[in-house]
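J.: Below is the file entry-v1.csv, with CSV, C-alpha atoms.
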chain,number,residue,atom,x,y,z
F,92,MET,CA,7.9,86.9,-2.8
F,93,LEU,CA,10.5,88.9,-4.8
F,94,ASP,CA,8.3,92.0,-4.4
F,95,LEU,CA,8.5,91.7,-0.6
F,96,ILE,CA,12.3,91.2,-0.6
F,97,GLY,CA,12.7,94.2,-2.9
F,98,SER,CA,10.6,96.4,-0.5
F,99,ILE,CA,12.8,95.3,2.5
F,100,VAL,CA,16.0,96.1,0.5
F,101,ILE,CA,14.6,99.5,-0.4
F,102,VAL,CA,13.8,100.2,3.3
F,103,ILE,CA,17.4,99.2,4.3
F,104,GLY,CA,18.7,101.7,1.6
F,105,VAL,CA,16.6,104.5,3.1
F,106,ILE,CA,18.0,103.7,6.5
F,107,PHE,CA,21.6,104.0,5.1
F,108,VAL,CA,20.7,107.4,3.5
F,109,SER,CA,19.2,108.6,6.8
F,110,ILE,CA,22.5,107.7,8.6
F,111,GLY,CA,24.3,109.8,6.0
F,112,VAL,CA,22.0,112.8,6.6
F,113,ILE,CA,22.6,112.5,10.4
F,114,GLY,CA,26.3,112.3,9.7
F,115,ILE,CA,26.5,115.8,8.0
F,116,TYR,CA,25.0,117.4,11.2
F,117,ARG,CA,26.8,115.2,13.7
F,118,PHE,CA,30.4,116.2,12.9
F,119,ASN,CA,31.7,119.7,13.2
F,120,ASN,CA,34.8,119.2,11.0
F,121,PHE,CA,34.4,119.7,7.3
F,122,TYR,CA,36.5,116.7,6.2
F,123,ALA,CA,34.6,114.3,8.5
F,124,ARG,CA,31.4,115.6,7.0
F,125,ALA,CA,32.7,115.0,3.5
F,126,LEU,CA,33.6,111.4,4.4
F,127,ALA,CA,30.2,110.7,6.0
F,128,ALA,CA,28.3,112.3,3.2
F,129,SER,CA,30.1,110.6,0.2
F,130,LYS,CA,30.5,107.0,1.4
F,131,VAL,CA,27.2,106.4,3.1
F,132,ASP,CA,25.3,108.1,0.4
F,133,THR,CA,26.8,106.0,-2.4
F,134,VAL,CA,26.1,102.8,-0.4
F,135,GLY,CA,22.4,103.9,0.1
F,136,PHE,CA,22.1,104.6,-3.7
F,137,ILE,CA,23.4,101.1,-4.6
F,138,THR,CA,21.1,99.4,-2.1
F,139,ILE,CA,18.0,101.3,-3.2
F,140,ILE,CA,18.7,100.4,-6.9
F,141,LEU,CA,19.2,96.7,-6.0
F,142,GLY,CA,15.7,96.8,-4.4
F,143,VAL,CA,14.2,98.4,-7.5
F,144,ILE,CA,15.8,95.7,-9.7
F,145,LEU,CA,14.3,93.0,-7.5
F,146,LYS,CA,10.9,94.6,-7.6
F,147,SER,CA,10.6,95.1,-11.3
F,148,GLY,CA,12.0,91.9,-12.6
F,149,PHE,CA,14.2,91.6,-15.8
F,150,ASN,CA,13.1,93.9,-18.6
F,151,PHE,CA,14.0,97.1,-20.3
F,152,PHE,CA,13.4,99.1,-17.1
F,153,THR,CA,16.1,97.2,-15.3
F,154,LEU,CA,18.6,97.7,-18.1
F,155,LYS,CA,18.2,101.5,-17.9
F,156,VAL,CA,18.5,101.4,-14.1
F,157,ILE,CA,21.7,99.4,-14.3
F,158,VAL,CA,23.2,102.1,-16.7
F,159,ILE,CA,22.3,104.8,-14.2
F,160,LEU,CA,23.9,102.8,-11.3
F,161,ILE,CA,27.2,102.4,-13.2
F,162,VAL,CA,27.4,106.1,-14.2
F,163,ASN,CA,26.6,107.2,-10.6
F,164,MET,CA,29.2,104.8,-9.1
F,165,LEU,CA,31.8,106.4,-11.3
F,166,ILE,CA,30.9,110.0,-10.9
F,167,ASN,CA,29.8,110.4,-7.3
F,168,PRO,CA,33.2,109.8,-5.6
F,169,MET,CA,34.9,112.0,-8.3
F,170,ILE,CA,32.7,115.0,-7.3
F,171,THR,CA,33.6,114.5,-3.6
F,172,HIS,CA,37.3,114.3,-4.4
F,173,SER,CA,37.1,117.5,-6.4
F,174,ILE,CA,35.4,119.4,-3.6
F,175,VAL,CA,37.8,118.2,-0.9
F,176,ARG,CA,40.8,118.9,-3.1
F,177,SER,CA,39.5,122.4,-3.7
F,178,ALA,CA,39.1,122.9,0.0
F,179,LYS,CA,42.6,121.6,0.8
F,180,ILE,CA,44.4,123.8,-1.8
F,181,SER,CA,42.5,126.9,-0.9
F,182,GLY,CA,43.5,126.7,2.7
F,183,TYR,CA,40.4,125.7,4.6
F,184,LYS,CA,40.1,127.1,8.1
F,185,ILE,CA,37.3,126.2,10.5
F,186,GLY,CA,35.0,129.1,11.3
F,187,LYS,CA,35.8,130.8,8.1
F,188,GLU,CA,33.3,132.2,5.6
P,237,MET,CA,5.0,115.9,-0.8
P,238,LEU,CA,4.3,118.5,-3.4
P,239,GLU,CA,3.7,121.1,-0.7
P,240,ILE,CA,7.1,120.5,0.8
P,241,ALA,CA,8.8,120.9,-2.6
P,242,LEU,CA,7.0,124.1,-3.2
P,243,LEU,CA,8.0,125.5,0.2
P,244,LEU,CA,11.6,124.6,-0.6
P,245,LEU,CA,11.3,126.6,-3.8
P,246,ILE,CA,10.1,129.7,-2.0
P,247,ILE,CA,12.9,129.5,0.6
P,248,THR,CA,15.6,129.0,-2.0
P,249,SER,CA,14.5,131.9,-4.2
P,250,ILE,CA,14.4,134.3,-1.2
P,251,ALA,CA,17.9,133.1,-0.1
P,252,ALA,CA,19.3,133.6,-3.6
P,253,ILE,CA,18.1,137.2,-3.6
P,254,GLN,CA,19.1,138.1,-0.1
P,255,THR,CA,22.7,136.8,0.1
P,256,ARG,CA,25.6,139.3,-0.1
P,257,TYR,CA,28.1,136.9,-1.8
P,258,MET,CA,27.7,136.2,-5.5
P,259,ARG,CA,29.1,132.6,-5.4
P,260,GLN,CA,26.5,131.5,-2.8
P,261,ALA,CA,23.8,132.9,-5.0
P,262,VAL,CA,25.0,130.6,-7.8
P,263,ILE,CA,24.7,127.6,-5.5
P,264,TYR,CA,21.3,128.6,-4.3
P,265,LEU,CA,20.1,128.9,-7.9
P,266,GLY,CA,21.4,125.3,-8.6
P,267,LEU,CA,19.3,124.1,-5.7
P,268,PHE,CA,16.3,126.1,-7.0
P,269,SER,CA,16.6,124.4,-10.4
P,270,LEU,CA,16.8,120.9,-8.8
P,271,ALA,CA,13.6,121.6,-6.8
P,272,ILE,CA,11.6,123.0,-9.7
P,273,SER,CA,12.6,120.1,-11.9
P,274,PHE,CA,11.0,117.7,-9.2
P,275,VAL,CA,7.9,119.9,-9.1
P,276,TYR,CA,7.5,119.6,-12.9
P,277,LEU,CA,7.9,115.8,-12.6
P,278,LEU,CA,5.1,115.7,-10.0
P,279,TYR,CA,2.9,117.8,-12.2
P,280,SER,CA,3.4,114.9,-14.8
P,281,ALA,CA,5.4,116.9,-17.3
P,282,PRO,CA,8.7,114.9,-17.6
P,283,ASP,CA,9.7,116.6,-20.8
P,284,VAL,CA,9.8,120.1,-19.2
P,285,ALA,CA,11.7,118.6,-16.3
P,286,LEU,CA,14.3,117.2,-18.8
P,287,ALA,CA,14.8,120.6,-20.4
P,288,GLU,CA,15.1,122.2,-16.9
P,289,ALA,CA,17.7,119.5,-15.9
P,290,ILE,CA,19.9,120.2,-18.8
P,291,ILE,CA,19.7,124.0,-18.7
P,292,GLY,CA,19.7,124.5,-15.0
P,293,SER,CA,22.4,122.1,-13.9
P,294,THR,CA,25.0,122.9,-16.6
P,295,ILE,CA,24.5,125.8,-18.9
P,296,SER,CA,23.2,128.4,-16.5
P,297,THR,CA,25.8,127.5,-13.8
P,298,ILE,CA,28.7,127.8,-16.3
P,299,LEU,CA,27.4,131.1,-17.7
P,300,TYR,CA,27.1,132.6,-14.2
P,301,ILE,CA,30.6,131.5,-13.3
P,302,VAL,CA,32.0,133.0,-16.6
P,303,ALA,CA,30.2,136.2,-15.7
P,304,LEU,CA,31.6,136.2,-12.2
P,305,GLN,CA,35.2,136.2,-13.6
P,306,LYS,CA,34.7,139.8,-14.6
P,307,TYR,CA,33.9,140.6,-10.9
P,308,LYS,CA,37.1,141.7,-9.3
P,309,ILE,CA,38.4,139.6,-6.4
P,310,TYR,CA,40.5,141.1,-3.6
P,311,THR,CA,42.8,138.3,-2.4
P,312,ILE,CA,44.1,138.7,1.2
P,313,TYR,CA,46.6,136.3,2.7
P,314,TYR,CA,46.6,136.1,6.5
P,315,LYS,CA,49.8,134.6,7.9
P,316,LEU,CA,49.1,132.5,11.0
P,317,GLN,CA,51.3,130.4,13.4
P,318,SER,CA,51.1,126.7,12.8
P,319,THR,CA,49.4,126.1,16.1
P,320,GLU,CA,46.5,128.4,15.2
P,321,LEU,CA,45.7,126.4,12.1
P,322,ASP,CA,44.8,123.4,14.2
P,323,GLU,CA,41.4,121.9,13.8
P,324,HIS,CA,40.2,122.7,17.3
P,325,ALA,CA,41.5,126.3,17.3
P,326,THR,CA,38.9,129.1,16.9
P,327,MET,CA,39.5,132.6,15.7
P,328,SER,CA,40.1,135.1,18.5
P,329,LEU,CA,37.8,138.0,18.8
P,330,HIS,CA,40.1,140.8,17.7
P,331,LYS,CA,41.0,139.0,14.5
P,332,GLN,CA,37.4,138.6,13.6
P,333,GLN,CA,36.9,142.3,14.2
P,334,LEU,CA,39.8,143.1,11.8
P,335,ILE,CA,38.5,140.8,9.1
P,336,LYS,CA,35.0,142.4,9.5
P,337,SER,CA,36.4,145.9,8.9
P,338,LEU,CA,38.4,144.6,5.9
P,339,GLU,CA,35.2,143.2,4.4
P,340,LYS,CA,33.4,146.4,5.0
P,341,PHE,CA,36.1,148.2,3.1
P,342,CYS,CA,35.8,145.8,0.2
P,343,SER,CA,32.0,146.0,0.0
P,344,LYS,CA,32.3,149.9,-0.1
P,345,GLN,CA,34.7,149.6,-3.1
P,346,GLU,CA,32.6,147.0,-4.9
P,347,LEU,CA,35.1,144.2,-4.6
P,348,GLU,CA,34.7,140.5,-3.6
P,349,THR,CA,36.8,139.5,-0.6
P,350,GLN,CA,38.7,136.2,-0.5
P,351,ILE,CA,40.7,135.6,2.7
P,352,ILE,CA,43.2,132.7,2.7
P,353,TYR,CA,44.9,131.6,5.9
P,354,SER,CA,48.4,130.3,5.4
P,355,THR,CA,51.5,129.3,7.3
P,356,GLU,CA,53.9,129.6,4.5
P,357,ASP,CA,56.9,132.0,4.4
P,358,ILE,CA,56.2,135.5,3.2
P,359,LYS,CA,58.8,135.5,0.4
P,360,PHE,CA,57.3,132.2,-0.8
P,361,ILE,CA,53.8,133.7,-1.0
P,362,MET,CA,55.1,136.8,-2.9
P,363,GLU,CA,56.8,134.7,-5.5
P,364,GLN,CA,54.3,131.9,-6.0
P,365,HIS,CA,50.8,133.3,-5.5
P,366,GLN,CA,48.6,136.1,-6.8
P,367,TYR,CA,47.9,138.5,-3.9
P,368,ALA,CA,46.6,141.9,-3.2
P,369,LEU,CA,47.5,142.1,0.5
P,370,ILE,CA,49.5,140.0,2.9
P,371,LEU,CA,48.9,140.5,6.7
P,372,GLU,CA,51.4,139.5,9.3
P,373,GLU,CA,51.3,140.0,13.1
P,374,LYS,CA,54.3,141.1,15.0
P,375,GLU,CA,53.3,141.5,18.7
P,376,ASN,CA,51.2,144.7,18.7
P,377,THR,CA,51.8,145.9,15.2
P,378,LEU,CA,50.2,144.5,12.1
P,379,VAL,CA,52.3,144.7,9.0
P,380,ILE,CA,50.4,145.0,5.7
P,381,TYR,CA,52.3,144.2,2.5
P,382,ALA,CA,50.7,145.4,-0.7
P,383,HIS,CA,51.2,144.3,-4.2
P,384,PRO,CA,52.9,146.9,-6.5
P,385,GLU,CA,49.9,147.0,-8.8
P,386,ASN,CA,47.4,147.5,-6.0
P,387,TYR,CA,45.6,150.7,-6.9
P,388,LYS,CA,43.2,150.6,-3.9
P,389,PHE,CA,46.1,150.9,-1.4
P,390,ASP,CA,45.8,154.6,-0.7
P,391,ALA,CA,42.0,154.3,-0.1
P,392,LEU,CA,42.7,151.4,2.3
P,393,LYS,CA,45.2,153.5,4.2
P,394,SER,CA,42.8,156.4,4.8
P,395,PHE,CA,40.0,153.9,5.6
P,396,LEU,CA,42.0,152.1,8.3
P,397,GLU,CA,43.2,155.4,9.9
P,398,ILE,CA,39.5,156.4,10.5
P,399,GLU,CA,38.5,152.9,11.7
P,400,VAL,CA,40.8,152.5,14.7
P,401,HIS,CA,41.4,148.9,16.0
P,402,PRO,CA,41.8,148.6,19.8
P,403,ARG,CA,44.6,146.0,19.6
P,404,TYR,CA,46.8,146.6,16.6
P,405,HIS,CA,48.8,149.5,15.2
P,406,TYR,CA,49.2,149.4,11.5
P,407,GLU,CA,52.4,149.5,9.5
P,408,PHE,CA,52.1,149.8,5.7
P,409,VAL,CA,54.7,148.4,3.4
P,410,LYS,CA,54.5,148.7,-0.4
P,411,VAL,CA,56.5,145.9,-2.1
P,412,GLU,CA,59.0,147.2,-4.6
P,413,GLU,CA,58.7,145.7,-8.1
P,414,ASP,CA,61.8,143.8,-9.3
P,415,ILE,CA,63.3,145.3,-12.4
P,416,LEU,CA,65.0,142.7,-14.4
H,187,MET,CA,5.8,102.9,-1.4
H,188,THR,CA,4.3,106.4,-1.1
H,189,LEU,CA,5.6,106.5,2.5
H,190,ILE,CA,9.2,105.8,1.3
H,191,ILE,CA,9.0,108.6,-1.2
H,192,ALA,CA,7.7,111.0,1.5
H,193,ILE,CA,10.5,110.0,3.8
H,194,LEU,CA,13.1,110.6,1.0
H,195,VAL,CA,11.5,114.1,0.3
H,196,ILE,CA,11.9,115.0,3.9
H,197,LEU,CA,15.5,113.8,3.9
H,198,THR,CA,16.2,115.9,0.8
H,199,VAL,CA,14.8,119.0,2.6
H,200,ILE,CA,17.0,118.2,5.6
H,201,SER,CA,20.1,118.1,3.4
H,202,ALA,CA,19.1,121.3,1.7
H,203,ILE,CA,19.2,123.0,5.1
H,204,ARG,CA,22.9,122.2,5.1
H,205,ILE,CA,23.2,124.3,2.0
H,206,LEU,CA,21.4,127.2,3.5
H,207,ILE,CA,23.3,127.3,6.9
H,208,GLY,CA,26.6,125.8,5.8
H,209,PRO,CA,29.5,127.9,7.3
H,210,SER,CA,31.8,127.6,4.2
H,211,LEU,CA,31.4,127.4,0.5
H,212,TRP,CA,32.5,123.8,0.3
H,213,ASP,CA,29.9,122.7,2.7
H,214,ARG,CA,27.3,124.2,0.4
H,215,LEU,CA,28.8,122.2,-2.6
H,216,LEU,CA,28.7,119.0,-0.5
H,217,GLY,CA,25.1,119.6,0.3
H,218,LEU,CA,24.3,120.2,-3.4
H,219,ASN,CA,25.9,116.9,-4.3
H,220,LEU,CA,23.8,115.2,-1.6
H,221,VAL,CA,20.6,116.8,-2.9
H,222,THR,CA,21.3,115.8,-6.5
H,223,SER,CA,21.9,112.1,-5.6
H,224,LYS,CA,18.7,112.0,-3.4
H,225,LEU,CA,16.8,113.5,-6.3
H,226,MET,CA,18.0,110.8,-8.6
H,227,MET,CA,16.7,108.1,-6.1
H,228,LEU,CA,13.3,110.0,-6.0
H,229,ILE,CA,13.0,110.0,-9.8
H,230,ILE,CA,13.8,106.3,-10.0
H,231,LEU,CA,11.2,105.5,-7.3
H,232,VAL,CA,8.5,107.7,-9.0
H,233,ALA,CA,9.2,105.9,-12.3
H,234,LEU,CA,8.8,102.5,-10.5
H,235,VAL,CA,5.5,103.6,-9.0
H,236,ARG,CA,4.0,105.0,-12.3
H,237,LYS,CA,5.5,102.2,-14.5
H,238,GLN,CA,6.7,104.8,-17.0
H,239,THR,CA,10.2,104.0,-18.5
H,240,PHE,CA,10.8,107.4,-20.1
H,241,ILE,CA,11.0,109.1,-16.7
H,242,LEU,CA,14.3,107.3,-16.2
H,243,ASP,CA,15.8,109.5,-19.0
H,244,LEU,CA,15.6,112.4,-16.5
H,245,ALA,CA,17.7,110.4,-13.9
H,246,LEU,CA,20.2,109.5,-16.6
H,247,VAL,CA,20.6,113.1,-17.6
H,248,TYR,CA,21.2,114.1,-14.0
H,249,ALA,CA,23.7,111.3,-13.5
H,250,LEU,CA,25.7,112.4,-16.6
H,251,LEU,CA,25.5,116.1,-16.2
H,252,SER,CA,25.3,116.9,-12.5
H,253,PHE,CA,29.1,116.8,-12.1
H,254,MET,CA,29.7,119.7,-14.5
H,255,GLY,CA,28.3,122.5,-12.4
H,256,ILE,CA,29.8,121.3,-9.1
H,257,ILE,CA,33.3,120.7,-10.6
H,258,PHE,CA,33.3,124.0,-12.4
H,259,ILE,CA,32.5,125.9,-9.1
H,260,ALA,CA,35.2,123.9,-7.2
H,261,LEU,CA,37.8,124.7,-9.9
H,262,PHE,CA,36.7,128.3,-9.9
H,263,ILE,CA,37.4,128.6,-6.1
H,264,GLN,CA,40.6,126.6,-6.3
H,265,ARG,CA,42.1,128.9,-9.0
H,266,LYS,CA,41.2,132.1,-7.1
H,267,GLY,CA,38.6,133.4,-9.5
H,268,ARG,CA,40.0,132.3,-12.8
H,269,PHE,CA,39.6,129.2,-14.9
Please render this file's structure as structure tokens.

T.:
Amino acid sequence: MLDLIGSIVIVIGVIFVSIGVIGIYRFNNFYARALAASKVDTVGFITIILGVILKSGFNFFTLKVIVILIVNMLINPMITHSIVRSAKISGYKIGKE
Amino acid sequence: MLEIALLLLIITSIAAIQTRYMRQAVIYLGLFSLAISFVYLLYSAPDVALAEAIIGSTISTILYIVALQKYKIYTIYYKLQSTELDEHATMSLHKQQLIKSLEKFCSKQELETQIIYSTEDIKFIMEQHQYALILEEKENTLVIYAHPENYKFDALKSFLEIEVHPRYHYEFVKVEEDIL
Amino acid sequence: MTLIIAILVILTVISAIRILIGPSLWDRLLGLNLVTSKLMMLIILVALVRKQTFILDLALVYALLSFMGIIFIALFIQRKGRF
């Protein structure tokens, strides 16, 4: 039963990630793309890892996966912030190389 | 699954060789290292993939960036009106032509171009930022301010006199250095 | 499970196209961030299918070290070619 629920949660996570990938082609402004990419991708990551935890039960595997989840939740928004800050300070203009 | 990753590997390596800009080549090499690490994992060699992850994602990127510092960068400030920096505005055609000819000059002199669009006052830019050239439009003339230590300025003058632009006349100003 | 991994590989390739066509340098950095996080999901799913715990070390290394390269390139552009 837990196996089935875990599979369903993983499929929901893949749907989130797909929406994020559509988002980076849908918008034609850089800052909107950055928003779509960072937020939706982090949510998809969290959902997929919840599914993996449900599927594997409680053991050493789950402990390692939880450590990866915590590290990624701290670092992923920081990377997006750094990229957008660099674009803002350097004077981003649309249609520029 | 493996075939798609191998295909991505070939496309990325060709793109890293063919690009004209060095910074883009560094990013393509980062993507190449990610793809080849996944291929190693699918060939069931996770230890090799671990070494590739450490080397490819940190050490080689930082080494390439440190090497790129030696490559000279030609910083050009382009002063625009505040309405032109709007998000829906697109660059007009004669400006694109001007920028293309400047990039042609830089690739002849083996420099890397960096163009920054700005709405700040010219005196503020001169005091606060490192620059090589500042461009400002005044109706039909284009005023080019050059930094006092800009040794390529005479070459740029003779280049722009040969390459005539249909819209603009050029006016060259060399900024005097303040003697304290 | 194999189907989900195949779909994620295709999504990774679609995000990699954003790196190849992206109009500006920051779009390419954003695409690199997306590809890295999708690769971490793929590694975790492969470890789940094969029931091998030590593959997770690879994902942990990516989670801890992937920020270095991207943040160094972003700072390099922001400071106009110097650190």

J.: Between atom CA of Ala128 of chain F and atom CA of Leu304 of chain P, what is the distance, to one decimal in Å?

T.: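 Distance reported for this atom pair: 28.6 Å.
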
J.: Using all atoms listed in the file, determine which residues of chain H fall within 10 Å of chain F; present them as a count of residues only.

T.: 56

J.: May I ask for the distance between atom CA of Ile103 of chain F and atom CA of Ala285 of chain P, given in Å to one decimal place?

T.: 28.9 Å

J.: Could you check how far atom CA of Tyr313 of chain P sits from atom CA of Thr355 of chain P, in Å to one decimal?

T.: 9.7 Å

J.: Hey, list the chain P side of the contact with chain H: 9 Å cut-off, all atoms listed in the file, answer as a ChimeraX atom specification.

T.: /P:237,240-241,244,248,251,259-260,262-264,266-267,270-271,274,277-278,282-283,285-286,289-290,293-298,301-302,304-305,307-309,311,350,366

J.: Which residues come within 8 Å of Val100 of chain F, counting only C-alpha atoms, excluding same-chain residues fewer than 6 positions away, as a list in words?

T.: Thr138, Ile139, Leu141 and Gly142 of chain F

J.: With distances taken over all atoms listed in the file, which residue among P:Glu399, P:Ile272, P:Leu265, P:Tyr381 lies nearest Leu243 of chain P?

T.: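 Ranked by minimum distance to Leu243 of chain P, first place goes to P:Ile272.
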
J.: Given all atoms listed in the file as the basis, pick out the residue of F:Asn120, F:Ile106, F:Gly114, F:Gly97 nearest to chain P.

T.: F:Asn120
